[in-house]
>>> print(open('my_file_32.pdb').read())   # PDB, C-alpha atoms
ATOM      1  CA  MET P  72     -22.072  -2.192  -6.817
ATOM      2  CA  VAL P  73     -20.393   0.122  -9.327
ATOM      3  CA  ASP P  74     -20.377   2.947  -6.783
ATOM      4  CA  TYR P  75     -18.611   0.717  -4.276
ATOM      5  CA  ARG P  76     -15.571  -0.034  -6.480
ATOM      6  CA  PRO P  77     -13.835   3.336  -6.029
ATOM      7  CA  GLU P  78     -14.144   2.887  -2.276
ATOM      8  CA  GLN P  79     -12.538  -0.540  -2.540
ATOM      9  CA  ALA P  80      -9.695   0.920  -4.569
ATOM     10  CA  ALA P  81      -9.166   3.649  -1.992
ATOM     11  CA  ASP P  82      -9.202   1.082   0.819
ATOM     12  CA  TYR P  83      -6.446  -0.810  -1.010
ATOM     13  CA  LEU P  84      -4.259   2.108  -2.099
ATOM     14  CA  TYR P  85      -4.402   4.419   0.910
ATOM     15  CA  PRO P  86      -2.620   2.133   3.422
ATOM     16  CA  ILE P  87       0.055   1.281   0.880
ATOM     17  CA  GLU P  88       0.765   4.936   0.083
ATOM     18  CA  LEU P  89       0.732   5.750   3.793
ATOM     19  CA  ALA P  90       3.287   3.011   4.437
ATOM     20  CA  ALA P  91       5.426   4.390   1.582
ATOM     21  CA  VAL P  92       5.469   7.797   3.267
ATOM     22  CA  GLN P  93       6.332   6.207   6.600
ATOM     23  CA  TYR P  94       9.165   4.147   5.097
ATOM     24  CA  ALA P  95      10.507   7.256   3.323
ATOM     25  CA  ALA P  96      10.507   9.195   6.599
ATOM     26  CA  LYS P  97      12.179   6.269   8.395
ATOM     27  CA  GLY P  98       9.243   6.266  10.788
ATOM     28  CA  ASN P  99       7.992   2.815   9.932
ATOM     29  CA  GLY P 100       6.307   1.181  12.835
ATOM     30  CA  GLU P 101       6.349  -2.357  14.083
ATOM     31  CA  THR P 102       2.953  -2.998  12.485
ATOM     32  CA  ASN P 103       4.320  -2.279   9.007
ATOM     33  CA  ASN P 104       7.287  -4.536   9.642
ATOM     34  CA  LYS P 105       5.070  -7.391  10.790
ATOM     35  CA  PHE P 106       2.455  -7.038   8.066
ATOM     36  CA  ILE P 107       4.492  -5.897   5.068
ATOM     37  CA  GLY P 108       8.077  -6.711   5.923
ATOM     38  CA  GLY P 109      11.128  -4.547   5.470
ATOM     39  CA  SER P 110      11.327  -1.562   3.172
ATOM     40  CA  GLY P 111      13.040  -3.537   0.402
ATOM     41  CA  ASN P 112      10.305  -6.156   0.319
ATOM     42  CA  PHE P 113       7.676  -3.441   0.453
ATOM     43  CA  LYS P 114       9.115  -1.541  -2.516
ATOM     44  CA  LYS P 115       9.568  -4.675  -4.627
ATOM     45  CA  SER P 116       6.145  -6.137  -4.130
ATOM     46  CA  TRP P 117       3.443  -3.991  -2.509
ATOM     47  CA  LEU P 118       4.398  -0.533  -3.755
ATOM     48  CA  LYS P 119       5.265  -1.714  -7.245
ATOM     49  CA  GLN P 120       1.904  -3.450  -7.640
ATOM     50  CA  ALA P 121      -0.056  -0.520  -6.211
ATOM     51  CA  ARG P 122       1.630   2.081  -8.385
ATOM     52  CA  HIS P 123       1.117  -0.130 -11.444
ATOM     53  CA  LYS P 124      -2.605  -0.371 -10.699
ATOM     54  CA  VAL P 125      -2.937   3.399 -10.304
ATOM     55  CA  ILE P 126      -1.707   3.984 -13.826
TER
END
>>> encode(input="my_file_32.pdb", output="structure tokens")
Amino acid sequence: MVDYRPEQAADYLYPIELAAVQYAAKGNGETNNKFIGGSGNFKKSWLKQARHKVI
């Protein structure tokens, strides 16, 4: 189970960082808008939490 935790962390952080790159490039798709919301909501909640967990 200990070996599985880094994979879980990667499964959580990778899509969030990918969405951050897409929002920065203004290439956010409809899926991000439906799942996450707009870029303001994304930066305030999802990205802030993910970057806090990385540190």
>>> closest_residue(input="my_file_32.pdb", among="P:Lys114, P:Ala121, P:Glu101, P:Gly109", to="P:Pro86", atoms="all atoms listed in the file")
P:Ala121
>>> residues_around(input="my_file_32.pdb", residues="P:Lys97", least_positions_apart="6", cutoff="12 Å", atoms="only C-alpha atoms", output="count of residues only")
6
>>> atom_distance(input="my_file_32.pdb", atom1="atom CA of P:Val92", atom2="atom CA of P:Arg122")
13.5 Å
>>> closest_residue(input="my_file_32.pdb", among="P:Lys124, P:Ala95, P:Thr102, P:Phe113", to="P:Ala81", atoms="all atoms listed in the file")
P:Lys124
>>> atom_distance(input="my_file_32.pdb", atom1="atom CA of P:Ile107", atom2="atom CA of P:Arg76")
23.9 Å
>>> atom_distance(input="my_file_32.pdb", atom1="atom CA of P:Lys105", atom2="atom CA of P:Leu118")
16.1 Å
>>> axis_aligned_box(input="my_file_32.pdb", around="stretch 88-107 of chain P", padding_each_side="8 Å", output="lines of an AutoDock Vina configuration file")
center_x = 6.5
center_y = 0.9
center_z = 7.1
size_x = 27.4
size_y = 32.6
size_z = 30.0
>>> closest_residue(input="my_file_32.pdb", among="P:Glu78, P:Ala96, P:Leu84, P:Gly108", to="P:Gln120", atoms="all atoms listed in the file")
P:Leu84
